[in-house]
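Okay, protein.txt is below, compact mmCIF, C-alpha atoms:
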```
# COMPACT_ATOMS: atom_id res chain seq x y z
CA PRO A 57 -17.14 52.28 18.90
CA PRO A 58 -17.78 55.35 21.05
CA ARG A 59 -15.53 58.37 20.63
CA ARG A 60 -12.87 58.13 23.32
CA THR A 61 -11.49 61.40 24.69
CA ALA A 62 -9.09 60.54 27.47
CA ALA A 63 -5.81 62.28 28.09
CA PRO A 64 -2.66 60.13 27.89
CA VAL A 65 -1.49 59.27 31.39
CA ARG A 66 2.16 58.46 30.63
CA LYS A 67 3.52 61.91 31.50
CA ALA A 68 0.66 63.20 33.62
CA ARG A 69 1.63 64.79 36.92
CA HIS A 70 -1.93 64.68 38.25
CA ASP A 71 -4.64 62.03 37.90
CA LEU A 72 -8.33 62.90 38.03
CA HIS A 73 -9.66 59.67 36.59
CA PRO A 74 -12.83 58.53 38.37
CA GLY A 75 -13.24 55.23 40.14
CA THR A 76 -10.38 55.19 42.63
CA PRO A 77 -10.25 56.51 46.20
CA ASP A 78 -7.29 58.27 47.79
CA LEU A 79 -5.03 55.23 48.19
CA ALA A 80 -2.83 57.03 50.70
CA SER A 81 -5.80 57.05 53.07
CA PHE A 82 -5.96 53.26 53.40
CA PRO A 83 -6.23 52.58 57.18
CA ARG A 84 -3.06 50.54 57.51
CA ALA A 85 -2.83 50.53 61.30
CA ALA A 86 -6.50 49.66 61.81
CA TRP A 87 -6.35 46.99 59.10
CA LEU A 88 -3.24 45.46 60.66
CA LYS A 89 -4.96 45.41 64.06
CA ALA A 90 -7.99 43.65 62.56
CA ALA A 91 -5.76 41.18 60.70
CA ARG A 92 -3.86 40.29 63.85
CA LYS A 93 -7.03 39.66 65.81
CA ALA A 94 -8.73 37.75 62.97
CA LEU A 95 -5.76 35.49 62.28
CA THR A 96 -5.20 34.77 65.95
CA ALA A 97 -8.78 33.54 66.30
CA ALA A 98 -8.97 31.77 62.92
CA PRO A 99 -9.54 28.01 62.94
CA ASP A 100 -6.92 25.88 61.23
CA GLU A 101 -9.31 24.95 58.43
CA ALA A 102 -9.44 28.61 57.37
CA PHE A 103 -6.03 28.16 55.75
CA GLY A 104 -7.16 25.30 53.52
CA TYR A 105 -9.28 25.33 50.37
CA SER A 106 -12.35 27.35 51.27
CA ASP A 107 -16.06 27.27 50.53
CA PRO A 108 -16.58 28.98 47.14
CA GLN A 109 -19.35 31.05 48.71
CA GLY A 110 -16.77 32.70 50.95
CA ARG A 111 -15.98 32.59 54.64
CA ILE A 112 -19.11 32.45 56.79
CA GLU A 113 -17.60 35.03 59.15
CA LEU A 114 -17.46 37.60 56.36
CA ARG A 115 -20.86 36.68 54.92
CA ALA A 116 -22.48 37.11 58.33
CA ALA A 117 -20.74 40.45 58.88
CA LEU A 118 -21.79 41.65 55.41
CA ALA A 119 -25.40 40.62 55.91
CA ASP A 120 -25.54 42.73 59.05
CA TYR A 121 -23.69 45.71 57.59
CA LEU A 122 -25.56 45.82 54.28
CA ALA A 123 -28.92 45.64 56.03
CA ARG A 124 -27.96 48.52 58.30
CA ALA A 125 -26.15 50.76 55.80
CA ARG A 126 -27.79 50.00 52.45
CA GLY A 127 -31.15 48.41 53.27
CA VAL A 128 -30.13 45.14 51.60
CA ARG A 129 -32.20 42.12 52.63
CA ALA A 130 -29.95 39.09 52.51
CA HIS A 131 -29.19 36.10 54.72
CA PRO A 132 -25.51 35.03 54.92
CA ASP A 133 -26.45 31.90 52.97
CA ARG A 134 -27.42 34.11 50.02
CA ILE A 135 -24.17 36.09 49.91
CA VAL A 136 -21.24 35.08 47.71
CA VAL A 137 -17.82 36.68 48.22
CA VAL A 138 -16.05 37.68 44.99
CA SER A 139 -12.79 39.36 44.09
CA GLY A 140 -14.38 42.60 42.93
CA PHE A 141 -17.27 43.73 40.76
CA VAL A 142 -15.80 42.42 37.50
CA HIS A 143 -15.48 38.94 39.01
CA GLY A 144 -19.10 39.02 40.14
CA LEU A 145 -20.27 40.29 36.75
CA ARG A 146 -18.29 37.56 35.00
CA LEU A 147 -20.01 34.93 37.13
CA MET A 148 -23.41 36.43 36.33
CA ALA A 149 -22.59 36.53 32.61
CA ARG A 150 -21.90 32.80 32.74
CA VAL A 151 -25.12 32.12 34.63
CA LEU A 152 -27.17 34.26 32.23
CA ARG A 153 -25.66 32.53 29.23
CA ASP A 154 -26.43 29.12 30.72
CA ARG A 155 -30.01 30.32 31.23
CA ARG A 156 -30.15 31.17 27.52
CA VAL A 157 -30.47 34.90 28.12
CA ARG A 158 -29.59 36.73 24.92
CA GLU A 159 -29.80 40.42 25.89
CA VAL A 160 -28.83 42.50 28.91
CA ALA A 161 -30.00 46.11 28.85
CA VAL A 162 -27.53 48.73 30.07
CA ASP A 163 -27.46 52.45 30.81
CA SER A 164 -26.58 54.88 28.04
CA TYR A 165 -23.43 55.76 29.99
CA GLY A 166 -21.20 53.33 31.84
CA LEU A 167 -17.91 51.45 31.73
CA ASP A 168 -16.85 49.73 28.53
CA VAL A 169 -14.90 47.11 30.50
CA HIS A 170 -18.24 45.88 31.87
CA TRP A 171 -19.87 45.99 28.44
CA ARG A 172 -16.99 44.03 26.85
CA LEU A 173 -17.20 41.38 29.55
CA LEU A 174 -20.88 40.81 28.78
CA THR A 175 -20.47 40.87 25.01
CA ASP A 176 -17.57 38.42 25.29
CA ALA A 177 -20.08 36.06 26.94
CA GLY A 178 -22.24 36.29 23.81
CA LEU A 179 -24.79 38.75 25.22
CA ARG A 180 -26.22 41.68 23.29
CA LEU A 181 -26.34 45.01 25.14
CA PRO A 182 -29.09 47.40 24.04
CA ALA A 183 -28.77 50.81 25.64
CA LEU A 184 -31.74 52.22 27.52
CA PRO A 185 -32.70 55.83 26.74
CA TYR A 186 -31.72 58.52 29.22
CA ASP A 187 -33.21 61.91 30.06
CA GLU A 188 -32.81 64.59 32.73
CA HIS A 189 -34.40 62.28 35.31
CA GLY A 190 -32.13 59.31 34.59
CA THR A 191 -32.49 55.98 32.82
CA ARG A 192 -35.94 55.44 31.33
CA THR A 193 -36.72 52.04 32.78
CA GLU A 194 -40.16 51.99 31.15
CA ALA A 195 -38.27 51.22 27.93
CA LEU A 196 -37.27 47.78 29.23
CA GLY A 197 -38.62 45.08 26.97
CA ARG A 198 -37.79 41.46 26.27
CA GLN A 199 -34.29 41.53 27.69
CA GLY A 200 -33.44 38.86 30.25
CA ALA A 201 -31.58 41.23 32.58
CA VAL A 202 -30.54 44.84 33.06
CA LEU A 203 -27.31 46.23 34.52
CA MET A 204 -27.85 49.46 36.48
CA THR A 205 -26.18 51.90 38.87
CA ALA A 206 -29.49 52.96 40.40
CA ALA A 207 -28.34 54.74 43.57
CA HIS A 208 -25.73 56.91 41.81
CA GLN A 209 -25.59 56.57 38.05
CA PHE A 210 -22.07 56.21 36.74
CA PRO A 211 -20.83 58.56 35.52
CA LEU A 212 -23.69 61.09 35.22
CA GLY A 213 -24.33 61.05 38.95
CA GLY A 214 -28.10 61.09 39.41
CA ALA A 215 -30.19 58.80 41.59
CA LEU A 216 -32.90 56.84 39.79
CA PRO A 217 -36.31 58.29 40.78
CA ALA A 218 -38.67 56.15 42.83
CA ASP A 219 -41.16 55.63 40.00
CA ARG A 220 -38.45 54.39 37.66
CA ARG A 221 -37.01 52.10 40.32
CA ALA A 222 -40.49 50.63 40.78
CA ALA A 223 -40.91 50.29 37.01
CA ALA A 224 -37.68 48.29 36.78
CA VAL A 225 -38.82 45.93 39.55
CA ASP A 226 -42.27 45.55 37.96
CA TRP A 227 -40.60 44.64 34.66
CA ALA A 228 -38.45 42.00 36.37
CA ARG A 229 -41.43 40.48 38.15
CA ALA A 230 -43.63 40.41 35.09
CA GLY A 231 -41.17 38.75 32.76
CA GLY A 232 -38.86 36.83 35.09
CA GLY A 233 -35.99 39.21 34.40
CA LEU A 234 -33.08 40.05 36.66
CA ILE A 235 -31.72 43.43 37.75
CA LEU A 236 -27.95 43.52 38.25
CA GLU A 237 -27.42 46.38 40.70
CA ASP A 238 -23.92 47.86 40.80
CA ASP A 239 -23.81 49.72 44.13
CA TYR A 240 -20.27 50.92 43.57
CA ASP A 241 -20.09 53.86 46.00
CA GLY A 242 -23.13 53.52 48.25
CA GLU A 243 -21.34 54.75 51.37
CA PHE A 244 -20.62 58.27 50.13
CA ARG A 245 -23.62 60.60 50.26
CA TYR A 246 -23.27 64.32 51.05
CA ASP A 247 -26.23 66.62 50.38
CA ARG A 248 -29.08 64.15 50.53
CA GLN A 249 -30.33 61.25 52.55
CA PRO A 250 -28.77 57.91 51.58
CA VAL A 251 -30.54 56.23 48.68
CA GLY A 252 -31.26 52.65 49.67
CA ALA A 253 -30.32 49.74 47.48
CA LEU A 254 -32.78 48.79 44.75
CA GLN A 255 -32.45 45.22 46.03
CA SER A 256 -34.63 46.05 49.02
CA LEU A 257 -37.67 46.34 46.71
CA ASP A 258 -37.43 42.69 45.62
CA PRO A 259 -34.51 40.50 46.76
CA GLU A 260 -35.75 37.69 44.49
CA ARG A 261 -35.38 39.73 41.30
CA VAL A 262 -32.31 41.85 42.07
CA VAL A 263 -28.67 40.72 42.16
CA TYR A 264 -26.86 43.18 44.43
CA LEU A 265 -23.12 43.70 43.83
CA GLY A 266 -20.84 45.76 46.05
CA THR A 267 -17.13 46.00 46.82
CA ALA A 268 -14.57 47.48 49.19
CA SER A 269 -12.81 49.15 46.24
CA LYS A 270 -14.13 52.68 46.84
CA SER A 271 -14.49 52.55 50.62
CA LEU A 272 -11.09 50.94 51.31
CA ALA A 273 -8.94 50.12 48.28
CA PRO A 274 -9.32 48.22 45.00
CA GLY A 275 -6.11 46.31 45.71
CA LEU A 276 -7.91 44.27 48.38
CA ARG A 277 -9.91 42.52 45.63
CA LEU A 278 -12.90 41.97 47.89
CA GLY A 279 -16.51 42.22 46.78
CA TRP A 280 -19.84 40.56 47.43
CA MET A 281 -23.06 39.51 45.78
CA ALA A 282 -26.44 39.30 47.53
CA LEU A 283 -28.40 36.84 45.42
CA PRO A 284 -31.96 35.71 44.85
CA ARG A 285 -32.45 32.31 46.41
CA GLU A 286 -32.71 30.55 43.03
CA LEU A 287 -29.31 31.83 41.90
CA VAL A 288 -27.12 30.88 44.86
CA ALA A 289 -26.31 27.36 43.67
CA GLU A 290 -25.74 28.49 40.07
CA VAL A 291 -23.38 31.33 40.98
CA THR A 292 -21.51 29.18 43.48
CA ALA A 293 -21.09 26.45 40.85
CA ALA A 294 -19.81 29.03 38.36
CA LYS A 295 -17.23 30.17 40.90
CA GLY A 296 -15.84 26.64 41.25
CA GLU A 297 -15.47 23.81 43.72
CA ALA A 298 -13.28 25.90 46.03
CA ASP A 299 -12.57 29.57 46.56
CA TRP A 300 -9.62 30.06 44.21
CA MET A 301 -10.03 33.85 43.99
CA CYS A 302 -10.56 35.33 47.47
CA GLY A 303 -7.98 34.66 50.16
CA ALA A 304 -9.37 33.54 53.51
CA PRO A 305 -7.04 35.77 55.62
CA ASP A 306 -8.28 38.94 53.91
CA GLN A 307 -11.89 37.79 54.22
CA LEU A 308 -11.44 37.17 57.94
CA THR A 309 -9.75 40.54 58.33
CA LEU A 310 -12.59 42.38 56.60
CA ALA A 311 -15.10 40.51 58.77
CA GLU A 312 -13.29 41.72 61.89
CA PHE A 313 -12.99 45.22 60.41
CA LEU A 314 -16.76 45.31 59.93
CA THR A 315 -17.84 43.81 63.24
CA SER A 316 -15.42 45.90 65.32
CA GLY A 317 -16.82 49.17 63.96
CA ALA A 318 -13.51 50.12 62.32
CA TYR A 319 -15.12 50.10 58.88
CA ASP A 320 -17.86 52.52 59.94
CA ARG A 321 -15.31 54.86 61.50
CA HIS A 322 -13.17 54.80 58.39
CA VAL A 323 -16.13 55.48 56.09
CA ARG A 324 -17.31 58.40 58.23
CA ALA A 325 -13.86 59.97 58.13
CA ARG A 326 -13.54 59.45 54.38
CA ARG A 327 -17.02 60.88 53.78
CA LEU A 328 -16.02 64.14 55.46
CA HIS A 329 -12.70 64.18 53.60
CA TYR A 330 -14.23 63.67 50.17
CA ARG A 331 -16.98 66.17 50.85
CA ARG A 332 -14.33 68.82 51.59
CA ARG A 333 -12.63 67.99 48.30
CA ARG A 334 -15.91 68.19 46.46
CA ASP A 335 -16.63 71.59 48.00
CA GLN A 336 -13.16 72.83 47.05
CA LEU A 337 -13.69 71.65 43.46
CA VAL A 338 -17.04 73.43 43.20
CA ALA A 339 -15.68 76.62 44.79
CA ALA A 340 -12.61 76.77 42.53
CA LEU A 341 -14.69 76.35 39.38
CA ALA A 342 -17.26 78.90 40.55
CA ALA A 343 -14.49 81.44 41.09
CA GLU A 344 -12.33 80.76 38.03
CA ALA A 345 -14.68 79.16 35.48
CA PRO A 346 -18.26 80.18 36.38
CA GLN A 347 -19.52 79.20 32.92
CA VAL A 348 -18.79 75.51 33.69
CA ARG A 349 -21.75 73.72 35.29
CA VAL A 350 -20.90 71.03 37.85
CA THR A 351 -23.39 68.17 38.28
CA GLY A 352 -23.62 64.77 39.95
CA ILE A 353 -22.06 66.08 43.16
CA ALA A 354 -24.54 64.95 45.81
CA ALA A 355 -22.73 61.66 46.20
CA GLY A 356 -19.74 59.59 45.17
CA LEU A 357 -16.13 60.39 44.32
CA HIS A 358 -16.53 62.19 41.01
CA ALA A 359 -18.30 65.13 39.38
CA VAL A 360 -19.37 65.91 35.82
CA LEU A 361 -18.32 69.24 34.32
CA THR A 362 -20.59 70.30 31.46
CA LEU A 363 -18.62 71.98 28.66
CA PRO A 364 -19.67 74.13 25.68
CA PRO A 365 -20.67 71.98 22.66
CA GLY A 366 -17.73 70.85 20.58
CA THR A 367 -15.05 71.61 23.17
CA GLU A 368 -14.59 68.30 25.00
CA ALA A 369 -11.66 66.96 22.97
CA SER A 370 -9.78 70.27 23.09
CA VAL A 371 -10.28 70.57 26.86
CA VAL A 372 -8.99 67.04 27.42
CA GLN A 373 -5.93 67.90 25.36
CA ALA A 374 -5.46 71.17 27.23
CA ALA A 375 -5.61 69.24 30.48
CA ALA A 376 -2.92 66.88 29.19
CA HIS A 377 -0.79 69.92 28.32
CA HIS A 378 -1.08 71.01 31.94
CA GLY A 379 -0.02 67.56 33.15
CA LEU A 380 -3.52 66.42 34.07
CA ALA A 381 -5.03 63.03 33.18
CA VAL A 382 -8.80 63.36 32.88
CA GLN A 383 -11.54 61.65 30.86
CA GLY A 384 -14.21 63.18 28.69
CA LEU A 385 -17.86 62.27 29.14
CA SER A 386 -18.00 60.72 25.66
CA TYR A 387 -15.53 58.07 26.86
CA PHE A 388 -18.36 56.52 28.86
CA ARG A 389 -21.08 56.76 26.20
CA HIS A 390 -22.57 53.54 24.83
CA PRO A 391 -21.78 52.81 21.16
CA GLU A 392 -25.51 52.91 20.33
CA VAL A 393 -25.76 56.49 21.62
CA PRO A 394 -24.19 58.62 18.87
CA HIS A 395 -24.61 62.02 20.47
CA GLY A 396 -24.52 63.54 23.92
CA PRO A 397 -23.37 66.59 25.87
CA ASP A 398 -19.71 67.53 26.06
CA GLY A 399 -18.15 67.27 29.49
CA LEU A 400 -15.43 66.01 31.78
CA VAL A 401 -15.75 63.30 34.41
CA VAL A 402 -13.53 64.43 37.27
CA GLY A 403 -12.53 61.95 39.95
CA TYR A 404 -11.70 64.05 42.99
CA GLY A 405 -11.01 61.06 45.22
CA THR A 406 -7.93 59.83 43.36
CA PRO A 407 -5.15 62.37 44.16
CA SER A 408 -3.27 62.17 47.43
CA ASP A 409 -3.53 65.14 49.79
CA SER A 410 -0.14 66.41 48.64
CA ALA A 411 -1.22 66.32 44.97
CA TRP A 412 -4.82 67.51 45.31
CA HIS A 413 -4.35 71.27 45.14
CA GLY A 414 -1.96 71.00 42.18
CA ALA A 415 -4.46 68.82 40.35
CA LEU A 416 -7.26 71.28 41.07
CA ALA A 417 -5.17 74.21 39.81
CA ALA A 418 -4.35 72.33 36.61
CA LEU A 419 -8.02 71.56 36.05
CA VAL A 420 -9.05 75.19 36.44
CA ARG A 421 -6.40 76.23 33.89
CA ALA A 422 -7.60 73.64 31.38
CA VAL A 423 -11.34 74.38 31.28
CA PRO A 424 -12.60 77.19 29.03
```
Would you encode the structure as C-alpha cells?
Amino acid sequence: PPRRTAAPVRKARHDLHPGTPDLASFPRAAWLKAARKALTAAPDEAFGYSDPQGRIELRAALADYLARARGVRAHPDRIVVVSGFVHGLRLMARVLRDRRVREVAVDSYGLDVHWRLLTDAGLRLPALPYDEHGTRTEALGRQGAVLMTAAHQFPLGGALPADRRAAAVDWARAGGGLILEDDYDGEFRYDRQPVGALQSLDPERVVYLGTASKSLAPGLRLGWMALPRELVAEVTAAKGEADWMCGAPDQLTLAEFLTSGAYDRHVRARRLHYRRRRDQLVAALAAEAPQVRVTGIAAGLHAVLTLPPGTEASVVQAAAHHGLAVQGLSYFRHPEVPHGPDGLVVGYGTPSDSAWHGALAALVRAVP
C-alpha cells in the first residue's frame, strides 16, 4: 500500500483537507426559494418512484448548463442523475465488469477510495506514468478504460495538455476503450481560461462525471453522468428499475436553481471568494516560508506545497502539533508508484471564514 501521511483529525482545530468547499457558504436562502418554486410547480407523479435516469427537468437543465459552462455535448436522454461521483463510478464499474473489461488505467496520483471501488469490482488498475506535463496518455495500452481528471489533475493540479488529451481520445477510438472523466471542480478557474471537458472531443468514447459537491455542497448527494449513446441503457439498468438513490424534490430544486440563474450567481461569488483565499495562501507562504514552492493554483480548491526531500512526514506531524489536519502528497500516490516528491495537499476551500486565518497561521508555522 502507499505510504499514508495524514495528520489525525480527532483533536485538530483547523481542517485543510482537500475536496470540500466552505460549507458555511451554502446558499440557504436561494436554495429555499428554488425549492419552494420547484415543489409548487411539481406534478403529483414527481413524488412517486421516479425514472432511474433522473428527473427530466434536471437532465434538461444540466444539458444546457454543461454545454454552456463546460463544453459538454449531451442530450437530456443521455444524462443519468446519480448521488455523487462514487455512485456514478460504482455504476460504471458494474458495466465495465459486465463487458468483461479487466483493466482500468488510472493516474499516478488520485483518491484511494476510487481505486478501491474499482478493485472491489474485480478490475486491475495499472498506473500511467506522470511527468512535468501531466499524465503520459501515450502509455495507454490494452486497458478497457481509463479514469482521468483531465481538466485539473487531482491532486497535482495541472491541466492535461492538448496533445495528450488527443492521444487519449485516439486510443479510445482505436481500441474501443472508454475514458471516465472526473470533472470534479470544473467551475473554479482563476488565472487561465476555462479548460473544456475532454468529453467534447468525442462524446461516444468519454463518460463525463460531475457533481454539485464542490460548487454547492457534498451533502446534497447530487451528481450526473453524460454518457455515450451505447451506454445509456446499461448504466440505467445498473442503477435499477426506479431511482432509489436521488430524491425527486432535490432534483427539481437543482433544476430550478440552474434555470433561474441562481447557480451561476453562486458559482461566480464562490470563484472570487476562493481566489482571494488562494492569493492569501500564496502571499503568506511567500512572506514566511519562501523556500516552499506552491503549485497547482490556477484552478480548484487546493494547492500543492512542495517540501524538501524527506520532510513530508515530519511536516504533517508538526501541523498536527499546531492543531492542523492536513494530508501529505504521498497519501494520494498509487501503490505502483514507489517514489515521488514530498509535499502537502492543502485544501483552502474547507475552513469557514472565521477559521480561515487561524488555519493559515497554523500552516505557516508547520512548514520548514
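Taking atom CA of Ala97 of chain A and atom CA of Trp280 of chain A as the two end points, the separation is 23.0 Å.
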What is the distance between atom CA of Gly399 of chain A and atom CA of Ser386 of chain A, in Å to one decimal? 7.6 Å
Within 9 Å of segment 108-122 of chain A, counting only C-alpha atoms, which residues show up once you throw out same-chain ones fewer than 3 positions away? Write them as a PyMOL selection string, please. chain A and resi 102+105+125-138+280+282+288+291-293+295-302+304+307-312+314-315
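From atom CA of Pro217 of chain A back to atom CA of Met148 of chain A, the distance works out to 25.8 Å.
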Shell of 8 Å around Asp163 of chain A, only C-alpha atoms, local chain residues under 4 positions omitted, as a VMD selection string: chain A and resid 183 to 186 191 203 to 204 390
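Remark: for Ala415 of chain A, the closest of the candidate residues A:Ala230, A:Leu72, A:Ser370, A:Ser316 is A:Leu72 (distances computed over all atoms listed in the file).
Proximity ranking of A:Ala207, A:Val157, A:Val382, A:Leu145 relative to Gly279 of chain A places A:Leu145 first, based on only C-alpha atoms.
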List the residues sitting within 9 Å of (-0.4, 71.1, 37.5) in the file's frame, using only C-alpha atoms, as a ChimeraX atom specification. /A:68-70,375,378-380,411,413-419,421
Counting only C-alpha atoms, note down every residue that has an atom within 12 Å of the point (-31.7, 54.5, 49.8) (file coordinates), as a PyMOL selection string. chain A and resi 122-128+206-208+215-218+221+239+242-245+248-257
Quick one: axis-aligned box around all listed atoms of segment 402-409 of chain A, 8 Å on every side, centre and edge lengths in Å to one decimal, written as JSON.
```
{"center_x": -8.4, "center_y": 62.5, "center_z": 43.5, "size_x": 26.3, "size_y": 21.3, "size_z": 28.5}
```
